[in-house]
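K.L.:
PDB, C-alpha atoms and all ligand atoms, file upload.pdb:
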ATOM      1  CA  MET L  23      54.772 -61.449 -45.198
ATOM      2  CA  HIS L  24      52.919 -64.627 -44.652
ATOM      3  CA  ASP L  25      53.571 -66.164 -48.024
ATOM      4  CA  ASP L  26      56.013 -65.826 -50.882
ATOM      5  CA  LYS L  27      53.659 -63.635 -52.862
ATOM      6  CA  GLU L  28      53.566 -61.120 -50.050
ATOM      7  CA  ARG L  29      57.330 -61.263 -49.615
ATOM      8  CA  GLU L  30      57.938 -60.573 -53.301
ATOM      9  CA  ARG L  31      55.852 -57.430 -53.478
ATOM     10  CA  PRO L  32      58.414 -54.895 -54.633
ATOM     11  CA  ASP L  33      57.339 -52.078 -52.299
ATOM     12  CA  ARG L  34      56.773 -54.413 -49.330
ATOM     13  CA  ARG L  35      53.883 -52.594 -47.758
ATOM     14  CA  PRO L  36      52.498 -53.844 -44.457
ATOM     15  CA  PRO L  37      50.724 -57.159 -44.963
ATOM     16  CA  ASP L  38      47.134 -56.856 -46.091
ATOM     17  CA  ALA L  39      45.121 -56.858 -42.862
ATOM     18  CA  MET L  40      42.153 -58.237 -44.759
ATOM     19  CA  SER L  41      44.019 -61.500 -45.308
ATOM     20  CA  ALA L  42      46.547 -61.551 -42.442
ATOM     21  CA  PRO L  43      45.120 -60.751 -38.990
ATOM     22  CA  ARG L  44      46.660 -57.751 -37.283
ATOM     23  CA  TYR L  45      47.427 -59.539 -34.036
ATOM     24  CA  MET L  46      49.787 -61.957 -35.760
ATOM     25  CA  ASP L  47      53.526 -61.949 -36.245
ATOM     26  CA  ILE L  48      56.265 -59.940 -34.526
ATOM     27  CA  ALA L  49      55.006 -56.435 -33.738
ATOM     28  CA  THR L  50      56.625 -53.638 -35.760
ATOM     29  CA  PHE L  51      55.519 -49.996 -35.939
ATOM     30  CA  MET L  52      52.259 -49.929 -37.980
ATOM     31  CA  ARG L  53      53.145 -53.488 -39.119
ATOM     32  CA  ALA L  54      55.722 -51.936 -41.453
ATOM     33  CA  PRO L  55      58.606 -54.070 -42.668
ATOM     34  CA  THR L  56      61.845 -53.598 -40.752
ATOM     35  CA  VAL L  57      64.821 -52.094 -42.527
ATOM     36  CA  ARG L  58      68.479 -51.352 -41.881
ATOM     37  CA  ASP L  59      69.392 -50.275 -45.401
ATOM     38  CA  TRP L  60      68.128 -46.706 -45.417
ATOM     39  CA  SER L  61      68.147 -46.565 -49.221
ATOM     40  CA  GLU L  62      65.031 -48.787 -49.154
ATOM     41  CA  CYS L  63      63.077 -46.328 -47.115
ATOM     42  CA  ASP L  64      61.424 -42.877 -47.265
ATOM     43  CA  ILE L  65      60.115 -42.631 -43.699
ATOM     44  CA  ALA L  66      61.652 -44.607 -40.831
ATOM     45  CA  ILE L  67      59.784 -45.055 -37.557
ATOM     46  CA  VAL L  68      62.526 -45.544 -34.986
ATOM     47  CA  GLY L  69      62.337 -46.502 -31.319
ATOM     48  CA  VAL L  70      64.507 -44.627 -28.814
ATOM     49  CA  PRO L  71      64.132 -46.706 -25.633
ATOM     50  CA  TYR L  72      65.856 -44.408 -23.158
ATOM     51  CA  ASP L  73      64.548 -42.756 -19.985
ATOM     52  CA  GLY L  74      67.701 -41.867 -18.087
ATOM     53  CA  ALA L  75      66.931 -38.135 -18.101
ATOM     54  CA  VAL L  76      63.549 -38.079 -16.330
ATOM     55  CA  THR L  77      62.887 -35.821 -13.353
ATOM     56  CA  ASN L  78      60.067 -37.945 -11.968
ATOM     57  CA  ARG L  79      58.720 -41.416 -12.793
ATOM     58  CA  PRO L  80      60.798 -43.589 -15.177
ATOM     59  CA  GLY L  81      59.372 -46.132 -17.617
ATOM     60  CA  ALA L  82      59.512 -44.477 -21.041
ATOM     61  CA  ARG L  83      62.324 -46.843 -22.031
ATOM     62  CA  HIS L  84      59.515 -49.370 -22.515
ATOM     63  CA  GLY L  85      57.551 -46.978 -24.756
ATOM     64  CA  PRO L  86      58.716 -48.142 -28.196
ATOM     65  CA  ARG L  87      57.848 -51.790 -27.559
ATOM     66  CA  GLU L  88      54.316 -51.053 -26.324
ATOM     67  CA  VAL L  89      53.653 -48.505 -29.074
ATOM     68  CA  ARG L  90      54.755 -51.113 -31.627
ATOM     69  CA  ASN L  91      52.237 -53.521 -30.150
ATOM     70  CA  ALA L  92      49.377 -50.996 -30.014
ATOM     71  CA  SER L  93      50.197 -49.749 -33.519
ATOM     72  CA  SER L  94      49.139 -53.117 -34.958
ATOM     73  CA  MET L  95      45.679 -51.579 -34.657
ATOM     74  CA  MET L  96      46.509 -48.791 -37.103
ATOM     75  CA  ARG L  97      44.981 -49.149 -40.535
ATOM     76  CA  ALA L  98      46.160 -47.530 -43.746
ATOM     77  CA  ILE L  99      43.653 -44.964 -45.038
ATOM     78  CA  HIS L 100      43.092 -41.742 -43.099
ATOM     79  CA  PRO L 101      39.385 -41.160 -42.300
ATOM     80  CA  THR L 102      39.416 -37.424 -43.129
ATOM     81  CA  THR L 103      42.036 -36.868 -45.808
ATOM     82  CA  ARG L 104      41.961 -40.382 -47.327
ATOM     83  CA  THR L 105      45.758 -40.247 -47.317
ATOM     84  CA  ASN L 106      47.390 -43.673 -47.412
ATOM     85  CA  PRO L 107      50.936 -43.090 -46.176
ATOM     86  CA  PHE L 108      51.963 -46.641 -47.124
ATOM     87  CA  GLU L 109      50.956 -46.006 -50.753
ATOM     88  CA  ARG L 110      52.612 -42.606 -50.904
ATOM     89  CA  CYS L 111      55.998 -43.709 -49.618
ATOM     90  CA  ARG L 112      58.091 -46.535 -48.289
ATOM     91  CA  VAL L 113      57.370 -46.577 -44.548
ATOM     92  CA  ARG L 114      59.668 -48.805 -42.509
ATOM     93  CA  ASP L 115      60.310 -49.786 -38.915
ATOM     94  CA  GLY L 116      63.923 -48.697 -38.459
ATOM     95  CA  GLY L 117      64.387 -50.670 -35.240
ATOM     96  CA  ASP L 118      65.642 -49.123 -32.010
ATOM     97  CA  VAL L 119      68.661 -46.898 -31.524
ATOM     98  CA  PRO L 120      71.295 -49.221 -30.029
ATOM     99  CA  PHE L 121      73.100 -47.910 -26.952
ATOM    100  CA  ARG L 122      76.645 -48.844 -26.025
ATOM    101  CA  ARG L 123      77.094 -46.413 -23.122
ATOM    102  CA  LEU L 124      73.675 -46.610 -21.508
ATOM    103  CA  TYR L 125      74.664 -45.049 -18.180
ATOM    104  CA  GLU L 126      76.120 -41.808 -19.536
ATOM    105  CA  LEU L 127      73.438 -39.337 -20.546
ATOM    106  CA  GLU L 128      75.522 -37.203 -22.876
ATOM    107  CA  ALA L 129      77.129 -40.287 -24.469
ATOM    108  CA  VAL L 130      73.652 -41.722 -25.106
ATOM    109  CA  HIS L 131      72.666 -38.444 -26.743
ATOM    110  CA  ALA L 132      75.741 -38.644 -28.985
ATOM    111  CA  GLU L 133      74.719 -42.162 -30.013
ATOM    112  CA  ILE L 134      71.209 -40.956 -30.855
ATOM    113  CA  THR L 135      72.622 -38.147 -33.010
ATOM    114  CA  GLU L 136      74.911 -40.610 -34.790
ATOM    115  CA  PHE L 137      71.985 -42.924 -35.584
ATOM    116  CA  PHE L 138      69.693 -40.182 -36.901
ATOM    117  CA  ALA L 139      72.516 -38.522 -38.857
ATOM    118  CA  ASP L 140      72.714 -41.715 -40.950
ATOM    119  CA  LEU L 141      69.015 -41.368 -41.779
ATOM    120  CA  VAL L 142      69.395 -37.721 -42.663
ATOM    121  CA  ARG L 143      72.340 -38.493 -45.002
ATOM    122  CA  ALA L 144      70.141 -41.065 -46.766
ATOM    123  CA  GLU L 145      67.316 -38.482 -47.020
ATOM    124  CA  VAL L 146      65.063 -40.602 -44.839
ATOM    125  CA  VAL L 147      62.482 -38.682 -42.804
ATOM    126  CA  PRO L 148      62.558 -39.839 -39.165
ATOM    127  CA  LEU L 149      59.552 -40.429 -36.909
ATOM    128  CA  ALA L 150      60.982 -41.279 -33.489
ATOM    129  CA  VAL L 151      59.107 -42.983 -30.654
ATOM    130  CA  GLY L 152      60.595 -42.406 -27.208
ATOM    131  CA  GLY L 153      61.843 -42.535 -24.704
ATOM    132  CA  ASP L 154      61.853 -39.472 -22.482
ATOM    133  CA  HIS L 155      61.851 -35.976 -23.995
ATOM    134  CA  SER L 156      65.619 -35.575 -23.660
ATOM    135  CA  ILE L 157      65.949 -37.660 -26.859
ATOM    136  CA  THR L 158      64.622 -34.820 -29.010
ATOM    137  CA  LEU L 159      67.726 -32.654 -28.582
ATOM    138  CA  PRO L 160      70.120 -35.195 -30.168
ATOM    139  CA  ILE L 161      67.625 -35.776 -33.004
ATOM    140  CA  LEU L 162      67.503 -32.027 -33.666
ATOM    141  CA  ARG L 163      71.319 -32.010 -33.716
ATOM    142  CA  ALA L 164      71.227 -34.677 -36.451
ATOM    143  CA  LEU L 165      68.688 -32.726 -38.511
ATOM    144  CA  ALA L 166      70.341 -29.337 -38.113
ATOM    145  CA  SER L 167      71.638 -27.533 -41.148
ATOM    146  CA  GLU L 168      72.702 -23.907 -41.651
ATOM    147  CA  ALA L 169      69.328 -22.420 -40.733
ATOM    148  CA  PRO L 170      67.595 -23.148 -37.428
ATOM    149  CA  MET L 171      64.340 -25.085 -37.806
ATOM    150  CA  GLY L 172      60.889 -24.104 -36.689
ATOM    151  CA  LEU L 173      59.368 -26.223 -33.936
ATOM    152  CA  VAL L 174      55.833 -27.354 -33.198
ATOM    153  CA  HIS L 175      55.925 -28.631 -29.624
ATOM    154  CA  ILE L 176      52.834 -30.202 -28.039
ATOM    155  CA  ASP L 177      53.368 -30.751 -24.303
ATOM    156  CA  ALA L 178      52.127 -29.891 -20.818
ATOM    157  CA  HIS L 179      55.601 -28.479 -20.163
ATOM    158  CA  THR L 180      57.787 -26.030 -22.061
ATOM    159  CA  ASP L 181      60.915 -28.164 -21.470
ATOM    160  CA  THR L 182      62.986 -24.988 -21.447
ATOM    161  CA  TRP L 183      64.270 -25.316 -17.889
ATOM    162  CA  ASP L 184      68.004 -24.905 -17.412
ATOM    163  CA  GLU L 185      69.657 -27.266 -14.936
ATOM    164  CA  PHE L 186      68.283 -30.076 -12.827
ATOM    165  CA  MET L 187      70.394 -31.977 -10.291
ATOM    166  CA  GLY L 188      73.582 -30.826 -11.940
ATOM    167  CA  SER L 189      72.632 -31.723 -15.520
ATOM    168  CA  ARG L 190      71.726 -29.424 -18.407
ATOM    169  CA  TYR L 191      70.261 -32.309 -20.435
ATOM    170  CA  SER L 192      67.270 -33.560 -18.442
ATOM    171  CA  HIS L 193      63.921 -34.091 -20.175
ATOM    172  CA  GLY L 194      62.950 -30.647 -18.868
ATOM    173  CA  ALA L 195      65.674 -28.865 -20.855
ATOM    174  CA  PRO L 196      65.878 -29.982 -24.519
ATOM    175  CA  PHE L 197      64.356 -26.885 -26.125
ATOM    176  CA  ARG L 198      66.446 -24.436 -24.099
ATOM    177  CA  ARG L 199      69.580 -26.266 -25.297
ATOM    178  CA  ALA L 200      68.166 -26.374 -28.854
ATOM    179  CA  VAL L 201      67.837 -22.562 -28.868
ATOM    180  CA  GLU L 202      71.332 -22.095 -27.410
ATOM    181  CA  GLU L 203      72.805 -24.465 -30.001
ATOM    182  CA  GLY L 204      71.053 -22.687 -32.868
ATOM    183  CA  LEU L 205      69.021 -25.773 -33.798
ATOM    184  CA  ILE L 206      65.600 -24.123 -33.557
ATOM    185  CA  ASP L 207      64.425 -20.585 -34.137
ATOM    186  CA  PRO L 208      62.454 -19.495 -31.047
ATOM    187  CA  ARG L 209      60.464 -17.013 -33.153
ATOM    188  CA  ARG L 210      59.275 -19.939 -35.278
ATOM    189  CA  THR L 211      58.574 -22.115 -32.229
ATOM    190  CA  VAL L 212      55.118 -22.738 -30.813
ATOM    191  CA  GLN L 213      54.394 -24.677 -27.623
ATOM    192  CA  VAL L 214      50.843 -25.948 -27.137
ATOM    193  CA  GLY L 215      49.102 -27.381 -24.070
ATOM    194  CA  ILE L 216      51.281 -25.855 -21.342
ATOM    195  CA  ARG L 217      49.820 -26.143 -17.829
ATOM    196  CA  GLY L 218      50.375 -27.265 -14.260
ATOM    197  CA  ALA L 219      51.639 -25.375 -11.243
ATOM    198  CA  GLN L 220      55.395 -24.870 -11.055
ATOM    199  CA  ASN L 221      57.897 -24.222  -8.290
ATOM    200  CA  SER L 222      59.543 -21.634 -10.503
ATOM    201  CA  THR L 223      58.438 -19.906 -13.702
ATOM    202  CA  GLU L 224      61.938 -20.121 -15.157
ATOM    203  CA  GLY L 225      60.991 -22.355 -18.093
ATOM    204  CA  TRP L 226      57.883 -20.381 -19.076
ATOM    205  CA  ASP L 227      59.869 -17.149 -18.746
ATOM    206  CA  TYR L 228      62.686 -18.435 -20.963
ATOM    207  CA  SER L 229      60.241 -19.514 -23.695
ATOM    208  CA  GLU L 230      58.452 -16.180 -23.712
ATOM    209  CA  ALA L 231      61.622 -14.084 -23.390
ATOM    210  CA  THR L 232      63.164 -15.760 -26.447
ATOM    211  CA  GLY L 233      60.021 -15.114 -28.502
ATOM    212  CA  MET L 234      58.421 -18.541 -28.540
ATOM    213  CA  ARG L 235      54.643 -18.550 -28.912
ATOM    214  CA  VAL L 236      53.499 -20.297 -25.729
ATOM    215  CA  ILE L 237      49.876 -21.437 -25.844
ATOM    216  CA  PHE L 238      48.779 -22.365 -22.362
ATOM    217  CA  MET L 239      45.933 -24.837 -21.903
ATOM    218  CA  ASP L 240      43.661 -21.976 -20.769
ATOM    219  CA  GLU L 241      44.017 -20.404 -24.209
ATOM    220  CA  VAL L 242      43.398 -23.746 -25.945
ATOM    221  CA  THR L 243      40.182 -24.098 -23.943
ATOM    222  CA  ARG L 244      39.142 -20.520 -24.704
ATOM    223  CA  VAL L 245      39.747 -20.462 -28.480
ATOM    224  CA  GLY L 246      39.517 -24.160 -29.386
ATOM    225  CA  VAL L 247      41.998 -26.439 -31.148
ATOM    226  CA  GLU L 248      41.073 -25.320 -34.671
ATOM    227  CA  SER L 249      42.076 -21.734 -33.894
ATOM    228  CA  VAL L 250      45.199 -23.032 -32.196
ATOM    229  CA  GLY L 251      46.009 -24.971 -35.364
ATOM    230  CA  ALA L 252      45.741 -21.784 -37.416
ATOM    231  CA  GLU L 253      47.974 -19.951 -34.962
ATOM    232  CA  VAL L 254      50.579 -22.728 -35.173
ATOM    233  CA  ARG L 255      50.604 -22.403 -38.962
ATOM    234  CA  ARG L 256      51.017 -18.639 -38.700
ATOM    235  CA  VAL L 257      53.989 -18.957 -36.328
ATOM    236  CA  VAL L 258      55.953 -21.639 -38.157
ATOM    237  CA  GLY L 259      55.157 -20.581 -41.732
ATOM    238  CA  SER L 260      56.274 -22.584 -44.741
ATOM    239  CA  GLU L 261      59.951 -23.086 -43.838
ATOM    240  CA  PRO L 262      61.294 -26.397 -42.420
ATOM    241  CA  VAL L 263      59.883 -27.415 -39.078
ATOM    242  CA  TYR L 264      60.146 -30.275 -36.566
ATOM    243  CA  LEU L 265      57.166 -31.698 -34.663
ATOM    244  CA  SER L 266      57.633 -32.958 -31.119
ATOM    245  CA  PHE L 267      54.649 -34.518 -29.355
ATOM    246  CA  ASP L 268      54.872 -35.253 -25.632
ATOM    247  CA  ILE L 269      52.071 -37.651 -24.696
ATOM    248  CA  ASP L 270      51.610 -35.758 -21.392
ATOM    249  CA  SER L 271      49.983 -32.989 -23.443
ATOM    250  CA  LEU L 272      46.930 -35.220 -23.181
ATOM    251  CA  ASP L 273      44.888 -35.334 -20.033
ATOM    252  CA  PRO L 274      45.873 -38.308 -17.852
ATOM    253  CA  ALA L 275      42.290 -39.520 -18.300
ATOM    254  CA  PHE L 276      43.367 -40.407 -21.844
ATOM    255  CA  ALA L 277      47.093 -40.951 -21.330
ATOM    256  CA  PRO L 278      47.865 -41.937 -17.737
ATOM    257  CA  GLY L 279      51.006 -43.838 -18.713
ATOM    258  CA  THR L 280      53.577 -41.080 -18.541
ATOM    259  CA  GLY L 281      56.218 -39.905 -16.119
ATOM    260  CA  THR L 282      55.023 -36.380 -15.379
ATOM    261  CA  PRO L 283      51.225 -36.326 -15.762
ATOM    262  CA  GLU L 284      49.307 -33.025 -15.522
ATOM    263  CA  VAL L 285      45.522 -32.940 -15.289
ATOM    264  CA  GLY L 286      43.449 -30.578 -17.418
ATOM    265  CA  GLY L 287      45.038 -31.496 -20.741
ATOM    266  CA  LEU L 288      43.934 -32.189 -24.294
ATOM    267  CA  THR L 289      41.428 -34.897 -25.030
ATOM    268  CA  SER L 290      42.564 -37.498 -27.548
ATOM    269  CA  ARG L 291      39.994 -36.080 -30.011
ATOM    270  CA  GLU L 292      41.414 -32.568 -29.612
ATOM    271  CA  ALA L 293      44.946 -33.893 -30.168
ATOM    272  CA  LEU L 294      43.941 -35.562 -33.447
ATOM    273  CA  THR L 295      42.061 -32.455 -34.639
ATOM    274  CA  LEU L 296      45.047 -30.275 -33.788
ATOM    275  CA  LEU L 297      47.444 -32.525 -35.723
ATOM    276  CA  ARG L 298      45.168 -32.510 -38.772
ATOM    277  CA  ALA L 299      45.479 -28.716 -38.879
ATOM    278  CA  PHE L 300      49.199 -29.097 -39.621
ATOM    279  CA  GLU L 301      48.626 -30.564 -43.065
ATOM    280  CA  GLY L 302      51.036 -29.154 -45.643
ATOM    281  CA  LEU L 303      53.644 -27.821 -43.203
ATOM    282  CA  HIS L 304      57.245 -28.513 -44.186
ATOM    283  CA  PHE L 305      58.125 -31.217 -41.641
ATOM    284  CA  LEU L 306      61.706 -32.533 -41.543
ATOM    285  CA  GLY L 307      60.918 -35.081 -38.850
ATOM    286  CA  ALA L 308      58.890 -35.738 -35.733
ATOM    287  CA  ASP L 309      58.680 -37.649 -32.494
ATOM    288  CA  VAL L 310      56.185 -38.988 -29.963
ATOM    289  CA  VAL L 311      57.717 -39.237 -26.503
ATOM    290  CA  GLU L 312      57.140 -39.967 -22.812
ATOM    291  CA  VAL L 313      54.957 -43.074 -23.096
ATOM    292  CA  ALA L 314      55.668 -44.972 -19.864
ATOM    293  CA  PRO L 315      53.980 -48.410 -20.050
ATOM    294  CA  PRO L 316      54.482 -49.298 -16.345
ATOM    295  CA  PHE L 317      51.855 -46.593 -15.606
ATOM    296  CA  ASP L 318      49.588 -47.678 -18.452
ATOM    297  CA  PRO L 319      47.844 -50.781 -17.169
ATOM    298  CA  GLY L 320      44.973 -50.654 -19.701
ATOM    299  CA  GLY L 321      47.190 -49.798 -22.631
ATOM    300  CA  SER L 322      45.246 -46.626 -23.498
ATOM    301  CA  THR L 323      48.365 -44.437 -23.535
ATOM    302  CA  ALA L 324      50.157 -46.731 -25.969
ATOM    303  CA  LEU L 325      47.059 -46.774 -28.186
ATOM    304  CA  VAL L 326      46.701 -42.999 -28.232
ATOM    305  CA  ALA L 327      50.462 -42.673 -28.889
ATOM    306  CA  ALA L 328      50.213 -45.136 -31.794
ATOM    307  CA  THR L 329      47.272 -43.168 -33.197
ATOM    308  CA  VAL L 330      49.115 -39.868 -32.797
ATOM    309  CA  ALA L 331      52.098 -41.463 -34.556
ATOM    310  CA  TYR L 332      49.810 -42.546 -37.404
ATOM    311  CA  GLU L 333      48.426 -38.988 -37.749
ATOM    312  CA  ILE L 334      51.987 -37.654 -37.838
ATOM    313  CA  LEU L 335      52.982 -40.323 -40.352
ATOM    314  CA  CYS L 336      50.220 -39.050 -42.652
ATOM    315  CA  LEU L 337      51.603 -35.474 -42.304
ATOM    316  CA  LEU L 338      55.128 -36.651 -43.131
ATOM    317  CA  ALA L 339      53.914 -38.786 -46.037
ATOM    318  CA  GLN L 340      52.291 -35.794 -47.705
ATOM    319  CA  ALA L 341      55.781 -34.399 -48.275
ATOM    320  CA  CYS L 342      56.992 -37.615 -49.954
ATOM    321  CA  PRO L 343      58.088 -37.142 -53.567
TER     322      PRO L 343
HETATM  323 MN    MN J 401      58.183 -32.905 -22.661
HETATM  324 MN    MN J 402      55.686 -32.955 -20.636
END
Show me this structure written as structure tokens.
Ligand code: MN
Ligand code: MN

P.N.:
Amino acid sequence: MHDDKERERPDRRPPDAMSAPRYMDIATFMRAPTVRDWSECDIAIVGVPYDGAVTNRPGARHGPREVRNASSMMRAIHPTTRTNPFERCRVRDGGDVPFRRLYELEAVHAEITEFFADLVRAEVVPLAVGGDHSITLPILRALASEAPMGLVHIDAHTDTWDEFMGSRYSHGAPFRRAVEEGLIDPRRTVQVGIRGAQNSTEGWDYSEATGMRVIFMDEVTRVGVESVGAEVRRVVGSEPVYLSFDIDSLDPAFAPGTGTPEVGGLTSREALTLLRAFEGLHFLGADVVEVAPPFDPGGSTALVAATVAYEILCLLAQACP
């Protein structure tokens, strides 16, 4: 959008990086044009800058801004599949969810649901960038229809704990609430990358008792990410599914900038390989959460999150009409 010719392009793809340097202009997700009119858009990348539900270190409220900046590095054509998501569909930066009642957790969640419900009504596929993991529950509420969705959940933690400090909506609880509310089908839910010592096994127990397929990091190490990818496909099948990617699934060597780091996680290469195995699944939406820039002095976490978001964008774009 550096000259009139660029501005007049009917599909308004990101500016051609071969003629407009990627470090220029106001940072948007993947350098996509911003949009508020959802009818002009097939996939909206939306920031959810909220971290009021963390149990440990805050900072993920700054995630969307840093991921926008790092995502200027993302190019168009996928190295393996040669997918160009910007050719396949109209990818837009949908801005950030605006909050009016920032200091009330459940009110914030209601505002997130309201925002994403507008996208769903316009048949826009959302790719959210958090924010702490509590933001996924209100997004699932917006996407919910008669049948519960499948869930692919990549994380060090199952996030199926019940209460913490008097709240049922912390970032450790979204998928327990999602099962209770009938938003996801636990038998079509798979959690990958789980690890770290716990004070109580309550969350792990809940996941397994409800029939979720919980793939601990030990199993990932033993069988490898390609086998894990095949297992994910088996569990979720061909019905609608949501993808939630917590950046703490990666080892802190690759993604130190997060609130609840756990050593012994995925490498960034394993994460990309795993995501590529999900090609062709019926995704209704996705998120990348828990990027906390105050703990990311070198920017590596924001870069890996931007790259993960690009991989997910390619998966979502494959379903574009
Ligand atoms: Mn999480
Ligand atoms: Mn986590």

K.L.:
For the PyMOL selection byres (((chain L and resi 197) around 10) and not hetatm), applied here, can you spell out every residue it catches as a list in words?

P.N.:
His155, Ser156, Thr158, Leu159, Leu162, Leu173, His175, Thr180, Asp181, Thr182, Trp183, Asp184, Tyr191, His193, Gly194, Ala195, Pro196, Arg198, Arg199, Ala200, Val201, Glu202, Glu203, Leu205, Ile206, Pro208, Thr211, Gly225 and Ser229 of chain L

K.L.:
How would you write as a PDB file with C-alpha atoms, keeping the file's coordinate frame the residues that get within 9 Å of (56.3, -27.0, -31.4) in the file's frame, counting only C-alpha atoms?

P.N.:
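Output (result_0.pdb):
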ATOM      1  CA  GLY L 172      60.889 -24.104 -36.689  1.00  0.00           C
ATOM      2  CA  LEU L 173      59.368 -26.223 -33.936  1.00  0.00           C
ATOM      3  CA  VAL L 174      55.833 -27.354 -33.198  1.00  0.00           C
ATOM      4  CA  HIS L 175      55.925 -28.631 -29.624  1.00  0.00           C
ATOM      5  CA  ILE L 176      52.834 -30.202 -28.039  1.00  0.00           C
ATOM      6  CA  ASP L 177      53.368 -30.751 -24.303  1.00  0.00           C
ATOM      7  CA  ARG L 210      59.275 -19.939 -35.278  1.00  0.00           C
ATOM      8  CA  THR L 211      58.574 -22.115 -32.229  1.00  0.00           C
ATOM      9  CA  VAL L 212      55.118 -22.738 -30.813  1.00  0.00           C
ATOM     10  CA  GLN L 213      54.394 -24.677 -27.623  1.00  0.00           C
ATOM     11  CA  VAL L 214      50.843 -25.948 -27.137  1.00  0.00           C
ATOM     12  CA  ARG L 235      54.643 -18.550 -28.912  1.00  0.00           C
ATOM     13  CA  VAL L 254      50.579 -22.728 -35.173  1.00  0.00           C
ATOM     14  CA  VAL L 258      55.953 -21.639 -38.157  1.00  0.00           C
ATOM     15  CA  VAL L 263      59.883 -27.415 -39.078  1.00  0.00           C
ATOM     16  CA  TYR L 264      60.146 -30.275 -36.566  1.00  0.00           C
ATOM     17  CA  LEU L 265      57.166 -31.698 -34.663  1.00  0.00           C
ATOM     18  CA  SER L 266      57.633 -32.958 -31.119  1.00  0.00           C
ATOM     19  CA  PHE L 267      54.649 -34.518 -29.355  1.00  0.00           C
TER      20      PHE L 267
END

K.L.:
Can you measure CA of Leu141 (chain L) to CA of Thr323 (chain L) for me? One decimal in Å is fine.

P.N.:
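Calculated distance between CA of Leu141 (chain L) and CA of Thr323 (chain L) is 27.7 Å.
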
K.L.:
Report as a ChimeraX atom specification the residues that result from applying the PyMOL selection byres (((not hetatm)) within 7 of (chain J and resi 402)) to the structure here.

P.N.:
/L:177-179,268,270-271,282

K.L.:
Could you dump the residues just selected with C-alpha atoms as a PDB file, keeping the file's coordinate frame?

P.N.:
ATOM      1  CA  ASP L 177      53.368 -30.751 -24.303  1.00  0.00           C
ATOM      2  CA  ALA L 178      52.127 -29.891 -20.818  1.00  0.00           C
ATOM      3  CA  HIS L 179      55.601 -28.479 -20.163  1.00  0.00           C
ATOM      4  CA  ASP L 268      54.872 -35.253 -25.632  1.00  0.00           C
ATOM      5  CA  ASP L 270      51.610 -35.758 -21.392  1.00  0.00           C
ATOM      6  CA  SER L 271      49.983 -32.989 -23.443  1.00  0.00           C
ATOM      7  CA  THR L 282      55.023 -36.380 -15.379  1.00  0.00           C
TER       8      THR L 282
END

K.L.:
As a check of understanding, name the residues that the PyMOL selection byres (((chain L and resi 311) around 6) and not hetatm) selects in the supplied structure, as a list in words.

P.N.:
Val151, Gly152, Gly153, Asp154, His155, Asp268, Val310, Glu312 and Val313 of chain L

K.L.:
Which of these residues is nearest to ligand MN 401 (chain J), using only C-alpha atoms and all ligand atoms: L:Ile134, L:Ile157, L:Met95, L:Ile65?

P.N.:
L:Ile157

K.L.:
Identify which of the residues L:Arg123, L:Arg217, L:Arg87, L:Arg110 lies closest to ligand MN 401 (chain J), counting all atoms listed in the file when measuring atom-to-atom distances.

P.N.:
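That would be L:Arg217, the residue with the smallest distance to ligand MN 401 (chain J).
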
K.L.:
Would you pick out the contacts of Leu127 (chain L) at 9 Å or less, using only C-alpha atoms, so that residues sharing its chain but fewer than 2 positions from it are not included, and give the list as a PyMOL selection string?

P.N.:
chain L and resi 74-75+123-125+129-132+191-192

K.L.:
With C-alpha atoms retained, write the just-selected residues as a PDB file, keeping the file's coordinate frame.

P.N.:
ATOM      1  CA  GLY L  74      67.701 -41.867 -18.087  1.00  0.00           C
ATOM      2  CA  ALA L  75      66.931 -38.135 -18.101  1.00  0.00           C
ATOM      3  CA  ARG L 123      77.094 -46.413 -23.122  1.00  0.00           C
ATOM      4  CA  LEU L 124      73.675 -46.610 -21.508  1.00  0.00           C
ATOM      5  CA  TYR L 125      74.664 -45.049 -18.180  1.00  0.00           C
ATOM      6  CA  ALA L 129      77.129 -40.287 -24.469  1.00  0.00           C
ATOM      7  CA  VAL L 130      73.652 -41.722 -25.106  1.00  0.00           C
ATOM      8  CA  HIS L 131      72.666 -38.444 -26.743  1.00  0.00           C
ATOM      9  CA  ALA L 132      75.741 -38.644 -28.985  1.00  0.00           C
ATOM     10  CA  TYR L 191      70.261 -32.309 -20.435  1.00  0.00           C
ATOM     11  CA  SER L 192      67.270 -33.560 -18.442  1.00  0.00           C
TER      12      SER L 192
END

K.L.:
When you look at Ala164 (chain L) with a cut-off of 7 Å (counting only C-alpha atoms), what residues show up, excluding the ones that are within fewer than 6 positions of it in the same chain? I need them as a compact mmCIF listing (two decimals) with C-alpha atoms, in the frame of the given file.

P.N.:
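Saved as part_29.txt:
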# COMPACT_ATOMS: atom_id res chain seq x y z
CA THR L 135 72.62 -38.15 -33.01
CA PHE L 138 69.69 -40.18 -36.90
CA ALA L 139 72.52 -38.52 -38.86

K.L.:
May I ask which of the residues L:Gln340, L:Pro283, L:Leu149, L:Phe305 is the closest one to ligand MN 401 (chain J), counting only C-alpha atoms and all ligand atoms?

P.N.:
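Smallest distance to ligand MN 401 (chain J) is found for L:Pro283.
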
K.L.:
When you draw a straight line from CA of Gly85 (chain L) to CA of Glu109 (chain L), how long is it in Å?

P.N.:
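The value is 26.8 Å.
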
K.L.:
Just how far from atom MN of ligand MN 401 (chain J) is CA of Asp64 (chain L), in Å to one decimal?

P.N.:
26.7 Å

K.L.:
For each of L:Ile216, L:Ala331, L:Met187, L:Ala166, take the minimum atom-to-atom distance to ligand MN 401 (chain J), counting all atoms listed in the file, then give the residue where this is smallest.

P.N.:
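Of L:Ile216, L:Ala331, L:Met187, L:Ala166, the one nearest ligand MN 401 (chain J) is L:Ile216, counting all atoms listed in the file.
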
K.L.:
Measuring between all atoms listed in the file, which one of L:Pro148, L:Gly307, L:Pro86, L:Pro278 shows the shortest distance to Val113 (chain L)?

P.N.:
L:Pro148
